[in-house]
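This is data_34.tsv (TSV, C-alpha atoms and all ligand atoms).
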chain	number	residue	atom	x	y	z
A	1	MET	CA	-36.13	-35.21	-55.63
A	2	ARG	CA	-36.24	-38.53	-53.83
A	3	GLY	CA	-32.83	-40.16	-53.87
A	4	TYR	CA	-32.24	-43.77	-54.82
A	5	VAL	CA	-32.84	-46.03	-51.82
A	6	SER	CA	-30.56	-49.05	-51.82
A	7	GLY	CA	-31.43	-52.35	-50.13
A	8	GLU	CA	-30.98	-52.77	-46.38
A	9	GLN	CA	-27.43	-53.65	-45.32
A	10	PRO	CA	-27.57	-54.82	-41.68
A	11	GLN	CA	-24.01	-54.90	-40.39
A	12	GLY	CA	-24.55	-57.44	-37.60
A	13	ASP	CA	-24.30	-61.24	-37.86
A	14	GLY	CA	-27.08	-63.77	-38.02
A	15	TRP	CA	-28.96	-62.45	-41.04
A	16	VAL	CA	-29.95	-64.47	-44.07
A	17	LYS	CA	-29.43	-61.77	-46.65
A	18	LEU	CA	-31.37	-62.39	-49.83
A	19	ASN	CA	-32.21	-58.77	-50.67
A	20	THR	CA	-29.39	-57.18	-52.70
A	21	ASN	CA	-28.28	-59.88	-55.12
A	22	GLU	CA	-24.88	-60.41	-53.60
A	23	ASN	CA	-23.03	-63.64	-54.26
A	24	PRO	CA	-23.27	-65.90	-51.18
A	25	TYR	CA	-19.83	-67.40	-51.89
A	26	PRO	CA	-16.50	-65.70	-51.11
A	27	PRO	CA	-14.22	-64.28	-53.80
A	28	SER	CA	-11.29	-66.28	-55.16
A	29	PRO	CA	-8.34	-66.75	-52.76
A	30	LYS	CA	-6.24	-65.25	-55.57
A	31	VAL	CA	-8.25	-62.05	-55.18
A	32	VAL	CA	-7.57	-61.95	-51.44
A	33	ALA	CA	-3.85	-62.48	-52.15
A	34	ALA	CA	-3.88	-59.66	-54.73
A	35	ILE	CA	-5.53	-57.31	-52.21
A	36	LYS	CA	-2.86	-58.12	-49.59
A	37	ASP	CA	-0.17	-57.58	-52.17
A	38	ALA	CA	-1.61	-54.23	-53.24
A	39	ALA	CA	-1.98	-53.16	-49.60
A	40	THR	CA	1.69	-53.74	-48.94
A	41	GLY	CA	2.61	-51.92	-52.16
A	42	ARG	CA	2.99	-48.26	-52.88
A	43	LEU	CA	-0.15	-46.77	-51.37
A	44	ASN	CA	1.49	-43.37	-51.00
A	45	VAL	CA	1.33	-42.75	-54.75
A	46	TYR	CA	-1.74	-42.42	-56.96
A	47	PRO	CA	-2.86	-45.53	-58.80
A	48	ASP	CA	-2.48	-46.09	-62.54
A	49	ALA	CA	-5.23	-43.72	-63.70
A	50	SER	CA	-5.86	-45.85	-66.78
A	51	ALA	CA	-5.93	-49.19	-64.90
A	52	THR	CA	-3.89	-50.52	-67.83
A	53	GLU	CA	-3.53	-54.10	-66.62
A	54	PHE	CA	-7.21	-54.43	-65.80
A	55	CYS	CA	-8.18	-53.08	-69.22
A	56	ASN	CA	-5.89	-55.58	-70.94
A	57	VAL	CA	-7.41	-58.51	-69.03
A	58	ALA	CA	-11.01	-57.37	-69.57
A	59	ALA	CA	-10.38	-56.68	-73.25
A	60	GLU	CA	-9.07	-60.18	-73.81
A	61	LEU	CA	-12.09	-61.69	-72.05
A	62	PHE	CA	-14.51	-59.81	-74.29
A	63	GLY	CA	-12.53	-60.03	-77.53
A	64	VAL	CA	-12.05	-56.28	-77.95
A	65	GLY	CA	-9.13	-53.83	-77.72
A	66	PRO	CA	-8.16	-52.32	-74.32
A	67	ASP	CA	-9.37	-48.91	-75.55
A	68	TRP	CA	-12.96	-50.29	-75.43
A	69	ILE	CA	-12.81	-50.68	-71.62
A	70	LEU	CA	-13.66	-48.00	-69.05
A	71	PRO	CA	-13.25	-49.14	-65.41
A	72	ALA	CA	-15.30	-47.50	-62.66
A	73	ASN	CA	-16.03	-47.54	-58.95
A	74	GLY	CA	-18.87	-50.07	-59.36
A	75	SER	CA	-21.00	-50.27	-62.49
A	76	ASP	CA	-23.32	-47.71	-60.87
A	77	GLU	CA	-20.49	-45.25	-61.51
A	78	ASN	CA	-20.39	-46.39	-65.14
A	79	LEU	CA	-24.09	-45.52	-65.36
A	80	THR	CA	-23.42	-42.07	-63.85
A	81	ILE	CA	-20.57	-41.47	-66.30
A	82	ILE	CA	-22.84	-42.48	-69.19
A	83	MET	CA	-25.61	-40.12	-68.03
A	84	ARG	CA	-23.20	-37.22	-67.68
A	85	SER	CA	-21.56	-37.95	-71.02
A	86	PHE	CA	-24.66	-38.17	-73.20
A	87	CYS	CA	-27.43	-36.13	-71.58
A	88	ASP	CA	-28.01	-32.43	-71.26
A	89	PRO	CA	-30.92	-31.02	-69.23
A	90	ASN	CA	-34.29	-31.68	-70.92
A	91	ASP	CA	-32.99	-34.62	-72.95
A	92	THR	CA	-34.91	-37.87	-72.64
A	93	ILE	CA	-33.84	-41.31	-71.53
A	94	ALA	CA	-35.88	-44.51	-71.75
A	95	PHE	CA	-35.80	-47.92	-70.09
A	96	PRO	CA	-38.03	-50.96	-69.66
A	97	TYR	CA	-40.45	-50.68	-66.75
A	98	PRO	CA	-40.14	-52.21	-64.25
A	99	SER	CA	-36.36	-52.37	-64.23
A	100	TYR	CA	-33.44	-50.85	-62.32
A	101	VAL	CA	-34.75	-47.91	-60.27
A	102	LEU	CA	-31.42	-46.06	-60.32
A	103	TYR	CA	-31.86	-45.02	-63.99
A	104	GLU	CA	-34.73	-42.78	-62.96
A	105	SER	CA	-32.71	-41.17	-60.13
A	106	LEU	CA	-29.77	-40.49	-62.44
A	107	ALA	CA	-32.10	-38.85	-64.96
A	108	LYS	CA	-33.55	-36.58	-62.27
A	109	ILE	CA	-30.10	-35.50	-61.12
A	110	GLN	CA	-29.29	-34.56	-64.72
A	111	ASN	CA	-32.68	-32.83	-65.15
A	112	CYS	CA	-33.70	-35.20	-67.90
A	113	SER	CA	-37.09	-36.66	-68.58
A	114	VAL	CA	-37.88	-40.33	-68.48
A	115	GLN	CA	-39.95	-42.54	-70.78
A	116	HIS	CA	-40.99	-45.99	-69.63
A	117	ILE	CA	-41.01	-48.90	-72.06
A	118	LYS	CA	-43.85	-50.76	-70.41
A	119	LEU	CA	-43.46	-54.49	-69.94
A	120	ASN	CA	-46.46	-56.80	-70.20
A	121	HIS	CA	-47.21	-59.82	-67.98
A	122	ASP	CA	-44.50	-61.83	-69.76
A	123	PHE	CA	-42.03	-58.98	-69.26
A	124	GLN	CA	-41.93	-58.17	-72.98
A	125	TRP	CA	-42.46	-54.79	-74.66
A	126	ASP	CA	-44.56	-53.95	-77.67
A	127	ALA	CA	-42.17	-53.60	-80.63
A	128	VAL	CA	-44.00	-50.72	-82.32
A	129	GLU	CA	-44.62	-48.74	-79.15
A	130	SER	CA	-41.05	-49.20	-77.92
A	131	LYS	CA	-39.62	-47.99	-81.23
A	132	ALA	CA	-41.66	-44.82	-81.01
A	133	ILE	CA	-40.49	-44.24	-77.43
A	134	CYS	CA	-36.80	-44.96	-78.01
A	135	ARG	CA	-36.31	-43.12	-81.31
A	136	HIS	CA	-35.68	-39.74	-79.76
A	137	ALA	CA	-33.99	-40.87	-76.55
A	138	ARG	CA	-30.41	-39.87	-75.86
A	139	ILE	CA	-29.89	-43.04	-73.85
A	140	VAL	CA	-31.89	-46.24	-73.61
A	141	PHE	CA	-30.91	-48.42	-70.64
A	142	ALA	CA	-31.77	-52.13	-70.77
A	143	PRO	CA	-30.68	-54.45	-67.95
A	144	ASN	CA	-30.12	-57.90	-69.43
A	145	PRO	CA	-31.07	-60.10	-67.60
A	146	ASN	CA	-33.55	-57.60	-66.25
A	147	SER	CA	-33.91	-56.71	-62.58
A	148	PRO	CA	-36.24	-57.36	-60.81
A	149	THR	CA	-37.94	-59.69	-63.31
A	150	GLY	CA	-34.93	-61.95	-64.09
A	151	ASN	CA	-35.76	-62.50	-67.77
A	152	ARG	CA	-33.36	-61.92	-70.63
A	153	TRP	CA	-34.03	-60.35	-74.03
A	154	THR	CA	-32.50	-61.44	-77.34
A	155	ALA	CA	-30.20	-59.33	-79.52
A	156	ASP	CA	-33.11	-58.90	-81.98
A	157	GLN	CA	-35.32	-57.53	-79.23
A	158	LEU	CA	-32.61	-55.23	-77.88
A	159	HIS	CA	-32.09	-53.87	-81.36
A	160	GLN	CA	-35.68	-52.56	-81.29
A	161	LEU	CA	-34.55	-50.18	-78.52
A	162	LEU	CA	-31.65	-48.54	-80.39
A	163	PRO	CA	-32.33	-44.78	-80.55
A	164	ASP	CA	-31.99	-42.93	-83.88
A	165	LYS	CA	-28.99	-40.96	-82.62
A	166	GLY	CA	-28.36	-41.83	-78.98
A	167	VAL	CA	-26.77	-44.86	-77.34
A	168	LEU	CA	-28.19	-48.15	-76.12
A	169	VAL	CA	-26.75	-49.28	-72.79
A	170	VAL	CA	-27.08	-53.00	-72.14
A	171	ASP	CA	-26.55	-53.33	-68.40
A	172	GLU	CA	-25.17	-56.83	-67.93
A	173	ALA	CA	-24.75	-56.71	-64.15
A	174	TYR	CA	-26.26	-60.22	-64.09
A	175	GLY	CA	-24.93	-61.32	-67.49
A	176	ASP	CA	-22.78	-64.18	-66.18
A	177	PHE	CA	-25.82	-65.94	-64.69
A	178	ALA	CA	-27.60	-66.24	-68.03
A	179	ASP	CA	-28.11	-69.78	-69.31
A	180	ASP	CA	-25.99	-68.96	-72.35
A	181	PRO	CA	-23.97	-65.90	-71.34
A	182	HIS	CA	-22.48	-63.79	-74.07
A	183	ARG	CA	-19.10	-62.17	-74.12
A	184	GLY	CA	-18.96	-59.29	-76.51
A	185	GLU	CA	-21.17	-60.78	-79.24
A	186	LEU	CA	-23.48	-57.78	-79.14
A	187	LEU	CA	-20.50	-55.46	-79.50
A	188	ASN	CA	-19.60	-57.08	-82.81
A	189	ASP	CA	-23.17	-56.93	-84.12
A	190	ASP	CA	-23.15	-54.28	-86.89
A	191	ARG	CA	-26.86	-53.55	-86.46
A	192	PHE	CA	-26.04	-51.61	-83.30
A	193	ASP	CA	-24.03	-49.13	-85.34
A	194	ARG	CA	-21.27	-48.98	-82.70
A	195	ARG	CA	-23.69	-47.05	-80.45
A	196	LEU	CA	-23.92	-49.85	-77.93
A	197	ILE	CA	-22.41	-49.71	-74.43
A	198	VAL	CA	-22.27	-52.88	-72.34
A	199	THR	CA	-21.79	-52.45	-68.58
A	200	ARG	CA	-20.50	-55.17	-66.30
A	201	THR	CA	-19.88	-55.46	-62.58
A	202	LEU	CA	-17.56	-57.42	-60.32
A	203	SER	CA	-20.18	-57.24	-57.54
A	204	LYS	CA	-22.27	-60.26	-58.49
A	205	SER	CA	-20.66	-63.19	-60.32
A	206	TYR	CA	-17.18	-62.36	-58.92
A	207	SER	CA	-18.38	-61.95	-55.30
A	208	LEU	CA	-16.87	-58.46	-54.93
A	209	ALA	CA	-19.77	-56.17	-53.96
A	210	GLY	CA	-17.67	-54.92	-51.03
A	211	ILE	CA	-14.86	-53.78	-53.31
A	212	ARG	CA	-16.79	-51.60	-55.79
A	213	PHE	CA	-15.64	-52.23	-59.31
A	214	GLY	CA	-17.40	-52.23	-62.65
A	215	PHE	CA	-16.54	-51.43	-66.23
A	216	SER	CA	-18.11	-50.48	-69.53
A	217	ILE	CA	-17.26	-51.83	-72.98
A	218	ALA	CA	-17.91	-49.67	-76.01
A	219	ASP	CA	-16.43	-48.37	-79.23
A	220	PRO	CA	-13.13	-46.53	-78.55
A	221	GLU	CA	-14.54	-43.22	-79.77
A	222	ILE	CA	-17.41	-43.39	-77.30
A	223	THR	CA	-15.12	-44.66	-74.56
A	224	ALA	CA	-12.63	-41.81	-75.15
A	225	GLY	CA	-15.48	-39.32	-74.68
A	226	MET	CA	-16.54	-40.95	-71.41
A	227	HIS	CA	-12.95	-40.84	-70.12
A	228	LYS	CA	-13.20	-37.04	-70.20
A	229	VAL	CA	-16.17	-37.18	-67.82
A	230	ARG	CA	-14.89	-39.59	-65.17
A	231	ASP	CA	-12.74	-38.62	-62.20
A	232	SER	CA	-9.12	-39.18	-63.15
A	233	TYR	CA	-8.50	-41.63	-60.27
A	234	ASN	CA	-11.93	-43.21	-60.05
A	235	CYS	CA	-10.58	-46.68	-59.23
A	236	ASP	CA	-8.20	-47.21	-56.34
A	237	ALA	CA	-5.13	-49.46	-56.43
A	238	ILE	CA	-6.55	-52.13	-54.13
A	239	ALA	CA	-9.89	-52.47	-55.93
A	240	THR	CA	-8.17	-52.55	-59.31
A	241	ALA	CA	-5.78	-55.31	-58.19
A	242	ALA	CA	-8.73	-57.30	-56.80
A	243	ALA	CA	-10.79	-56.90	-59.97
A	244	THR	CA	-7.89	-57.91	-62.20
A	245	ALA	CA	-7.21	-61.06	-60.16
A	246	ALA	CA	-10.93	-61.89	-60.16
A	247	LEU	CA	-11.21	-61.73	-63.95
A	248	LEU	CA	-8.09	-63.88	-64.25
A	249	ASP	CA	-9.65	-66.64	-62.12
A	250	GLN	CA	-12.52	-67.63	-64.40
A	251	ASP	CA	-12.68	-71.16	-62.94
A	252	TRP	CA	-13.62	-69.75	-59.53
A	253	MET	CA	-16.38	-67.59	-60.99
A	254	HIS	CA	-17.77	-70.47	-63.05
A	255	GLN	CA	-17.85	-72.85	-60.07
A	256	ASN	CA	-19.90	-70.36	-58.04
A	257	ARG	CA	-22.09	-69.54	-61.03
A	258	LYS	CA	-22.92	-73.23	-61.43
A	259	LYS	CA	-23.83	-73.61	-57.75
A	260	ILE	CA	-26.06	-70.53	-57.94
A	261	MET	CA	-27.82	-71.81	-61.04
A	262	ILE	CA	-28.57	-75.15	-59.34
A	263	THR	CA	-29.98	-73.40	-56.26
A	264	ARG	CA	-31.98	-71.04	-58.51
A	265	ASN	CA	-33.58	-74.09	-60.05
A	266	ARG	CA	-34.41	-75.44	-56.61
A	267	ILE	CA	-36.07	-72.17	-55.57
A	268	THR	CA	-38.05	-72.06	-58.82
A	269	LEU	CA	-39.32	-75.60	-58.27
A	270	GLU	CA	-40.00	-75.42	-54.53
A	271	LEU	CA	-41.38	-71.92	-53.87
A	272	PRO	CA	-44.75	-72.67	-55.54
A	273	GLN	CA	-45.63	-75.10	-52.68
A	274	PHE	CA	-46.04	-71.97	-50.48
A	275	GLY	CA	-48.45	-70.31	-52.92
A	276	PHE	CA	-45.88	-68.34	-54.94
A	277	THR	CA	-45.61	-68.02	-58.70
A	278	VAL	CA	-41.97	-67.79	-59.73
A	279	SER	CA	-40.89	-66.16	-62.99
A	280	PRO	CA	-38.22	-68.07	-64.91
A	281	SER	CA	-34.92	-66.35	-64.12
A	282	GLU	CA	-31.55	-66.08	-65.83
A	283	ALA	CA	-30.10	-64.02	-62.99
A	284	ASN	CA	-28.96	-64.71	-59.39
A	285	PHE	CA	-32.41	-63.84	-58.04
A	286	VAL	CA	-36.02	-64.70	-58.75
A	287	TRP	CA	-39.07	-62.48	-59.03
A	288	THR	CA	-42.07	-63.97	-57.33
A	289	VAL	CA	-45.65	-63.03	-56.50
A	290	HIS	CA	-47.83	-64.65	-53.87
A	291	GLU	CA	-51.44	-65.66	-54.47
A	292	SER	CA	-52.51	-63.64	-51.39
A	293	GLY	CA	-50.93	-60.43	-52.75
A	294	ARG	CA	-49.66	-59.75	-49.22
A	295	HIS	CA	-46.04	-59.22	-50.19
A	296	GLN	CA	-45.25	-56.48	-47.73
A	297	GLU	CA	-46.51	-58.53	-44.79
A	298	ILE	CA	-44.54	-61.58	-45.93
A	299	TYR	CA	-41.42	-59.41	-46.24
A	300	GLU	CA	-41.94	-57.95	-42.76
A	301	GLN	CA	-42.56	-61.31	-41.13
A	302	LEU	CA	-39.47	-62.79	-42.77
A	303	LYS	CA	-37.48	-59.81	-41.48
A	304	ARG	CA	-38.65	-60.60	-37.94
A	305	ASN	CA	-37.05	-64.00	-38.54
A	306	ARG	CA	-33.83	-62.21	-39.61
A	307	ILE	CA	-34.36	-63.14	-43.24
A	308	LEU	CA	-34.18	-60.25	-45.70
A	309	VAL	CA	-35.78	-60.37	-49.13
A	310	ARG	CA	-36.65	-57.35	-51.30
A	311	PHE	CA	-40.24	-56.13	-51.31
A	312	MET	CA	-40.73	-54.07	-54.46
A	313	GLN	CA	-43.63	-51.96	-55.57
A	314	PHE	CA	-43.88	-50.21	-58.94
A	315	PRO	CA	-46.64	-47.67	-59.60
A	316	CYS	CA	-48.38	-48.64	-62.86
A	317	GLY	CA	-50.11	-45.33	-63.51
A	318	GLY	CA	-53.64	-46.76	-63.57
A	319	PRO	CA	-56.66	-44.64	-62.58
A	320	ARG	CA	-56.80	-46.13	-59.09
A	321	GLY	CA	-53.06	-45.84	-58.37
A	322	GLU	CA	-52.48	-49.52	-59.14
A	323	THR	CA	-49.09	-50.97	-58.34
A	324	LEU	CA	-47.20	-53.99	-59.50
A	325	ASP	CA	-45.69	-55.57	-56.43
A	326	GLY	CA	-43.87	-58.71	-55.49
A	327	LEU	CA	-40.74	-60.07	-53.88
A	328	ARG	CA	-37.27	-60.29	-55.37
A	329	ILE	CA	-35.33	-63.06	-53.69
A	330	THR	CA	-31.57	-63.43	-54.17
A	331	VAL	CA	-30.26	-66.95	-54.70
A	332	GLY	CA	-28.28	-67.73	-51.54
A	333	THR	CA	-26.55	-70.93	-50.45
A	334	ASP	CA	-28.67	-74.08	-50.12
A	335	GLU	CA	-28.50	-73.68	-46.36
A	336	GLU	CA	-29.86	-70.12	-46.55
A	337	VAL	CA	-32.62	-71.20	-48.91
A	338	GLY	CA	-33.49	-74.02	-46.47
A	339	LYS	CA	-33.88	-71.40	-43.70
A	340	LEU	CA	-36.07	-69.29	-45.97
A	341	PHE	CA	-38.35	-72.23	-46.72
A	342	ASP	CA	-38.55	-73.22	-43.01
A	343	ALA	CA	-39.58	-69.67	-42.11
A	344	LEU	CA	-42.04	-69.40	-45.00
A	345	LYS	CA	-44.04	-72.37	-43.73
A	346	ASN	CA	-45.05	-70.34	-40.65
A	347	VAL	CA	-45.06	-66.92	-42.26
A	348	VAL	CA	-47.43	-67.89	-45.04
A	349	ALA	CA	-49.70	-69.69	-42.55
A	350	THR	CA	-49.94	-66.61	-40.29
A	351	VAL	CA	-49.99	-63.81	-42.85
A	352	CYS	CA	-52.11	-65.23	-45.63
B	1	LIG	N1	-27.18	-52.63	-62.73
B	1	LIG	C1	-28.13	-53.36	-62.16
B	1	LIG	C2	-29.29	-53.82	-62.99
B	1	LIG	C3	-28.05	-53.69	-60.80
B	1	LIG	O1	-29.02	-54.40	-60.22
B	1	LIG	C4	-26.93	-53.26	-60.07
B	1	LIG	C5	-26.80	-53.61	-58.60
B	1	LIG	N2	-27.65	-52.92	-57.75
B	1	LIG	C6	-25.97	-52.48	-60.70
B	1	LIG	C7	-26.12	-52.19	-62.04
B	1	LIG	C8	-24.81	-51.87	-59.96
B	1	LIG	O2	-23.85	-52.76	-59.55
B	1	LIG	P1	-22.51	-52.25	-58.89
B	1	LIG	O3	-22.56	-50.76	-58.74
B	1	LIG	O4	-22.40	-52.95	-57.60
B	1	LIG	O5	-21.42	-52.64	-59.83

What would the structure in this file look like if it were written as structure tokens?
Ligand code: PMP
Amino acid sequence: MRGYVSGEQPQGDGWVKLNTNENPYPPSPKVVAAIKDAATGRLNVYPDASATEFCNVAAELFGVGPDWILPANGSDENLTIIMRSFCDPNDTIAFPYPSYVLYESLAKIQNCSVQHIKLNHDFQWDAVESKAICRHARIVFAPNPNSPTGNRWTADQLHQLLPDKGVLVVDEAYGDFADDPHRGELLNDDRFDRRLIVTRTLSKSYSLAGIRFGFSIADPEITAGMHKVRDSYNCDAIATAAATAALLDQDWMHQNRKKIMITRNRITLELPQFGFTVSPSEANFVWTVHESGRHQEIYEQLKRNRILVRFMQFPCGGPRGETLDGLRITVGTDEEVGKLFDALKNVVATVC
């Protein structure tokens, strides 16, 4: 199998990095203090395997009991735990297409088959077709807002994806950037029959991609099952202290969220002057296509200018091997976006 290929992570300075949806702002100073505190603590002993304090804080934020929370080493690990918990070889999973490429890799590792819920030009699925696809799935994954398209589906739409017997995973990695973010509302919606798992990450809205921390929220019975699958010490003491402090400093997260939403608006309004069409986004990135169709060349030229965006190409299964391609651009600081626009003036003139 081909493994999942993550975005480029150049380790040197001088890059404008708009390719992996990181937060351009630093984490809360309270998080840095908590990390220092944890580092001077008792590192010779194993951490609290249940991450009790973190679970209490997360539970309060989402209006559920602590036994609904399962912390993990990044929400990618939550997705792995979910796959291992609910799928045997030859089971089927489903997810909107295009969406997060990792779901497909996880299915292959588990020897499961994959069904795509095809999205149309407005990034919506057909209700009848999707129902037929999802009915027999063990797991349906739905990123909300979706990546790379940036749109967000309603609870009514998500309900169309609930399998007859399996679970629906609403991957809210970008949930805090939605115009009207929800906190646990879906979990209290009886229509989902308590077979809903929400996943969240500290990597994006809390500026902690370097720490690796995510968590899932689901009915205690489901969560208890997933606890059996995870490594007993899957979250280390330092990351857990950082994540707990981050959730406790909601003001910091909201300030950065607001700045990102303003810059997202700027990108949406200004990119079209270079010949791009920008899809409305409720995430910390935008999906855009250029009238020339020369996305790979634009990506490569930007890279020569030390600006990284994500060139993405999704096979559409047409008779001539058609692909859906475009650029996913992370919302950076205003200064970074200014550099992107300066470079684009020349890049678009030379490439297109
Ligand atoms: N879900 C989606 C849709 C994502 O884009 C990402 C980030 N690549 C993740 C989950 C994983 O986030 P992390 O492992 O950093 O928590």

Return as an mmCIF file with C-alpha atoms, in the frame of the given file every polymer residue, whether protein, DNA or RNA, with at least one atom no more than 6 Å from an atom of ligand LIG 1 (chain B); count all atoms listed in the file.
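Result file follows (pocket_35.cif):
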data_model
loop_
_atom_site.group_PDB
_atom_site.id
_atom_site.type_symbol
_atom_site.label_atom_id
_atom_site.label_comp_id
_atom_site.auth_asym_id
_atom_site.auth_seq_id
_atom_site.Cartn_x
_atom_site.Cartn_y
_atom_site.Cartn_z
ATOM 1 C CA GLY A 74 -18.870 -50.070 -59.360
ATOM 2 C CA SER A 75 -21.000 -50.270 -62.490
ATOM 3 C CA ASP A 76 -23.320 -47.710 -60.870
ATOM 4 C CA TYR A 100 -33.440 -50.850 -62.320
ATOM 5 C CA PRO A 143 -30.680 -54.450 -67.950
ATOM 6 C CA SER A 147 -33.910 -56.710 -62.580
ATOM 7 C CA ASP A 171 -26.550 -53.330 -68.400
ATOM 8 C CA ALA A 173 -24.750 -56.710 -64.150
ATOM 9 C CA THR A 201 -19.880 -55.460 -62.580
ATOM 10 C CA SER A 203 -20.180 -57.240 -57.540
ATOM 11 C CA ALA A 209 -19.770 -56.170 -53.960
ATOM 12 C CA PHE A 213 -15.640 -52.230 -59.310
ATOM 13 C CA GLY A 214 -17.400 -52.230 -62.650
#

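You can rank A:Ala218, A:Leu208, A:Ile307, A:Ile197 by their closest distance to A:Pro24 using all atoms listed in the file, and at the top of that list sits A:Leu208.
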
Centre and edges of the stretch 20-26 of chain A box, axis-aligned, 8 Å extra per side, as JSON:
{"center_x": -22.9, "center_y": -62.3, "center_z": -53.1, "size_x": 28.9, "size_y": 26.2, "size_z": 20.0}

Determine, using all atoms listed in the file, which residues of stretch 224-295 of chain A have any atom at most 10 Å from an atom of stretch 57-67 of chain A, and tabulate each with its shortest atom pair and distance in Å to one decimal place, rows ordered by chain and then rising number, as a Markdown table.
| residue | atom | partner | partner_atom | distance |
| --- | --- | --- | --- | --- |
| A:Ala224 | CA | A:Asp67 | CA | 7.8 |
| A:Ala243 | CA | A:Ala58 | CA | 9.6 |
| A:Thr244 | CA | A:Val57 | CA | 6.9 |
| A:Ala245 | CA | A:Val57 | CA | 9.2 |
| A:Leu247 | CA | A:Val57 | CA | 7.1 |
| A:Leu248 | CA | A:Val57 | CA | 7.2 |
| A:Gln250 | CA | A:Leu61 | CA | 9.7 |

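The spacing separating atom CA of A:Asp189 from atom CA of A:His159 amounts to 9.8 Å.
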
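Interatomic distance, atom CA of A:Asp88 against atom CA of A:Phe141: 16.3 Å.
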
Next item on the list: Please determine the residues with any atom at most 6 Å from (-25.8, -64.2, -53.5) (coordinates as given in the file, with all atoms listed in the file counting) and report them as a PyMOL selection string.
Entry: chain A and resi 21-24+330-332
